[in-house]
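A.B. asks: Before we start, here is the structure in question, set down as structure tokens.
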Amino acid sequence: MAKKKKTKTESIPFDKYSYYKRAVQAPDTDVEFLRDTYKELRGSAPEVLREDFCGTFSICCEWVKLGPKYRAHGIDLDYEPIQYGLTHYAPQLSKSQRERLTIHQENVLNPGLPKADVIAAMNFSHYIFKERSMMKSYFHNCLQTLNDGGILVADSFGGSQCGEANEETTKHKGFTYYWDQENFDPVTNFAQFHIHFKVDGQKKMERVFSYDWRMWSLPELREMMLEVGFKKTHVYWEGTTRSGEGNGIFRPVEKGEECQAWIAYVIGEK
């Protein structure tokens, strides 16, 4: 009996990190925001970035591309995404860029982490700290490891939609991305989330990534930053398109908007 031939899509292994990057990350614009925000607040250009919870450290890779003075450190506990980045992203850098990139398999709570002008906690990864004391420990460690005049940039999300189970579907070229909030506990503000993917012509891949988080509010995050010693905090709010979708442009605000879903950055100045 002749063996069934594999189709082109069947023969390609599912690359979860590639689909994640294509669906939710924009590291090239992220580094521009980090650099430009530091300049706006401090009046000079930053040089050293530390990407906490860095995963595949794609932001670090884009940072060192900004110029010969830009250096980056990535911090993550998980070996698998680090190894992916070392295999897939680091080889795409020039020799000079690779020399200015250092990846550390460490806990972001460890003392003595590399000093930086900008510390970035992106993709809401710090929401893993469910207790106030743990979040404050993280913010305190960031404060201790920032250079003088440095900034901590932590993203945040929320809105009325996040107070209940829901699933958001986004179609991309060649695949569909699902952001699935499984539940929400209003007593603790704990919530569980999953990312699913469906590549065109293939079976839906369930729970490719899962997160067990606490939904922190913007006032809580700002208060904790101030309590550990940051001298000032800011909120940069994402603008919207005419259709009401996020436009990817973040500006400082004193008041937000009532939204079903919003994304913002909380920034602490040392």
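Residues in the structure tokens are numbered from 1 in each chain, the chains being A, B, ... in the order shown, and ligands are numbered from 1 in the order shown.
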Extract, using only C-alpha atoms, all DNA, RNA and protein residues at most 7 Å from Ala120 (chain A), discarding same-chain residues fewer than 4 positions from it, and format them as a list in words.

C.D. replies: Arg50, Glu51, Asp52, Leu152, Val153 and Ala154 of chain A

A.B. asks: Let me see the file: selected residues, C-alpha atoms, as an mmCIF file, in the first residue's frame.

C.D. replies:
```cif
data_model
loop_
_atom_site.group_PDB
_atom_site.id
_atom_site.type_symbol
_atom_site.label_atom_id
_atom_site.label_comp_id
_atom_site.auth_asym_id
_atom_site.auth_seq_id
_atom_site.Cartn_x
_atom_site.Cartn_y
_atom_site.Cartn_z
ATOM 1 C CA ARG A 50 16.842 45.355 30.442
ATOM 2 C CA GLU A 51 13.928 43.300 29.187
ATOM 3 C CA ASP A 52 12.459 41.434 32.161
ATOM 4 C CA LEU A 152 10.624 51.313 34.564
ATOM 5 C CA VAL A 153 8.040 50.710 31.832
ATOM 6 C CA ALA A 154 5.316 48.172 32.648
#
```

A.B. asks: Which residues are near Cys142 (chain A)? Cut-off 8 Å, only C-alpha atoms, ignore same chain within fewer than 4 positions. Put them as a list in words.

C.D. replies: Ile119, Tyr138, Leu146 and Leu152 of chain A

A.B. asks: Run DSSP on the backbone and give me the residues of region 137-191 of chain A it puts in strand (DSSP E), as a CSV table (one decimal) with C-alpha atoms, in the first residue's frame.

C.D. replies:
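Saved result, part.csv, follows:
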```csv
chain,number,residue,atom,x,y,z
A,146,LEU,CA,18.0,51.2,37.5
A,147,ASN,CA,20.8,53.7,36.7
A,148,ASP,CA,20.3,57.2,38.0
A,149,GLY,CA,17.5,58.8,36.2
A,150,GLY,CA,16.3,55.4,34.8
A,151,ILE,CA,12.7,54.4,34.1
A,152,LEU,CA,10.6,51.3,34.6
A,153,VAL,CA,8.0,50.7,31.8
A,154,ALA,CA,5.3,48.2,32.6
A,155,ASP,CA,2.3,47.6,30.4
A,156,SER,CA,-1.2,47.1,31.7
A,157,PHE,CA,-4.6,46.2,30.4
A,158,GLY,CA,-8.2,46.2,31.7
A,166,ASN,CA,-14.8,36.2,27.0
A,167,GLU,CA,-13.0,35.2,23.8
A,168,GLU,CA,-11.6,37.6,21.3
A,169,THR,CA,-10.8,36.5,17.7
A,170,THR,CA,-8.3,38.2,15.4
A,171,LYS,CA,-7.7,37.1,11.8
A,172,HIS,CA,-4.2,37.4,10.5
A,175,PHE,CA,-3.9,32.1,10.7
A,176,THR,CA,-6.4,33.1,13.4
A,177,TYR,CA,-5.5,34.2,16.9
A,178,TYR,CA,-7.7,33.7,19.9
A,179,TRP,CA,-7.4,35.6,23.2
A,180,ASP,CA,-9.5,33.6,25.7
A,181,GLN,CA,-10.3,34.8,29.2
A,182,GLU,CA,-11.6,31.7,31.0
A,183,ASN,CA,-12.8,33.4,34.2
A,184,PHE,CA,-12.6,36.3,36.6
A,185,ASP,CA,-12.9,36.3,40.3
A,190,PHE,CA,-7.6,36.7,39.7
A,191,ALA,CA,-8.2,35.6,36.1
```

A.B. asks: Can you check which parts of region 28-130 of chain A lie within 10 Å of region 242-254 of chain A? Per residue, the shortest pair of atoms and distance in Å to one decimal, counting only C-alpha atoms, sorted by chain and number, as a tab-separated table.

C.D. replies:
```
residue	atom	partner	partner_atom	distance
A:Thr29	CA	A:Gly248	CA	9.0
A:Asp30	CA	A:Gly248	CA	9.7
A:Phe33	CA	A:Phe250	CA	8.3
A:Thr37	CA	A:Arg251	CA	9.4
```

A.B. asks: Can you spit out the residues from that selection as a PDB file, in the first residue's frame, using N, CA and C atoms?

C.D. replies:
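out.pdb was written with the following content:
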```
ATOM      1  N   THR A  29       8.537  48.665  16.984  1.00  0.00           N
ATOM      2  CA  THR A  29       7.897  49.883  17.483  1.00  0.00           C
ATOM      3  C   THR A  29       8.005  49.987  19.001  1.00  0.00           C
ATOM      4  N   ASP A  30       8.078  48.844  19.698  1.00  0.00           N
ATOM      5  CA  ASP A  30       8.250  48.867  21.157  1.00  0.00           C
ATOM      6  C   ASP A  30       9.535  49.592  21.548  1.00  0.00           C
ATOM      7  N   PHE A  33       9.285  53.307  21.162  1.00  0.00           N
ATOM      8  CA  PHE A  33       8.530  53.902  22.260  1.00  0.00           C
ATOM      9  C   PHE A  33       9.386  54.005  23.517  1.00  0.00           C
ATOM     10  N   THR A  37      10.345  57.642  24.870  1.00  0.00           N
ATOM     11  CA  THR A  37       9.750  58.026  26.148  1.00  0.00           C
ATOM     12  C   THR A  37      10.828  58.407  27.152  1.00  0.00           C
TER      13      THR A  37
END
```

A.B. asks: Could you give me, as a PyMOL selection string, the residues within 12 Å of region 124-131 of chain A, counting only C-alpha atoms and dropping anything in the same chain fewer than 2 positions from it?

C.D. replies: chain A and resi 24+51-55+76+107-109+120-122+133-139+142+153-158+188-193+210-217+220-221+224+263-266

A.B. asks: Which residue is closest to Tyr236 (chain A)? Choose from A:Ile267, A:Ala45, A:Ala261, A:Met205 and count only C-alpha atoms.

C.D. replies: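 Closest residue, counting only C-alpha atoms: A:Ile267.
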
A.B. asks: Could you tell me how far CA of Pro68 (chain A) lies from CA of Gln83 (chain A), in Å and to one decimal?

C.D. replies: 24.7 Å

A.B. asks: Write out as JSON, numbers by chain which residues come within 12 Å of Lys21 (chain A) when counting only C-alpha atoms, dropping same-chain ones fewer than 4 positions away.

C.D. replies: {"A": [15, 16, 17, 25, 26, 27, 28, 55, 56, 57, 58, 59, 81, 85, 89, 123, 172, 177]}

A.B. asks: Could you write out the selected residues, including C-alpha atoms, as a compact mmCIF listing (two decimals), in the first residue's frame?

C.D. replies:
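The new file result.txt reads:
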```
# COMPACT_ATOMS: atom_id res chain seq x y z
CA ASP A 15 6.08 27.14 15.66
CA LYS A 16 4.23 28.66 18.61
CA TYR A 17 6.76 31.43 19.23
CA GLN A 25 4.27 41.62 19.37
CA ALA A 26 5.72 44.63 17.56
CA PRO A 27 9.27 44.78 18.96
CA ASP A 28 10.49 47.30 16.40
CA GLY A 55 11.03 35.11 26.69
CA THR A 56 12.53 34.96 23.20
CA PHE A 57 14.02 38.45 23.82
CA SER A 58 12.84 39.93 20.52
CA ILE A 59 12.74 43.41 22.10
CA PRO A 81 11.99 30.53 24.96
CA GLY A 85 15.65 33.21 20.70
CA TYR A 89 16.70 35.63 16.55
CA ASN A 123 3.21 41.53 27.64
CA HIS A 172 -4.16 37.41 10.51
CA TYR A 177 -5.46 34.25 16.90
```

A.B. asks: At what distance in Å, to one decimal, does CA of Gly74 (chain A) lie from CA of Ser18 (chain A)?

C.D. replies: 18.4 Å

A.B. asks: Within 8 Å of Lys232 (chain A), counting only C-alpha atoms, which residues show up once you throw out same-chain ones fewer than 6 positions away? Write them as a list in words, please.

C.D. replies: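 These residues fall inside the cut-off: Leu226, Gly268, Glu269 and Lys270 of chain A.
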
A.B. asks: Point out the residue among A:Cys162, A:Glu223, A:His196, A:Leu93 with the least atom-to-atom distance to Val208 (chain A), counting only C-alpha atoms.

C.D. replies: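 When distances to Val208 (chain A) are compared using only C-alpha atoms, the smallest one comes from A:His196.
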
A.B. asks: From the options A:Phe197, A:Tyr70, A:Tyr38, A:Phe209, which residue's atoms come nearest to Phe14 (chain A), counting only C-alpha atoms?

C.D. replies: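 Nearest to Phe14 (chain A): A:Phe197.
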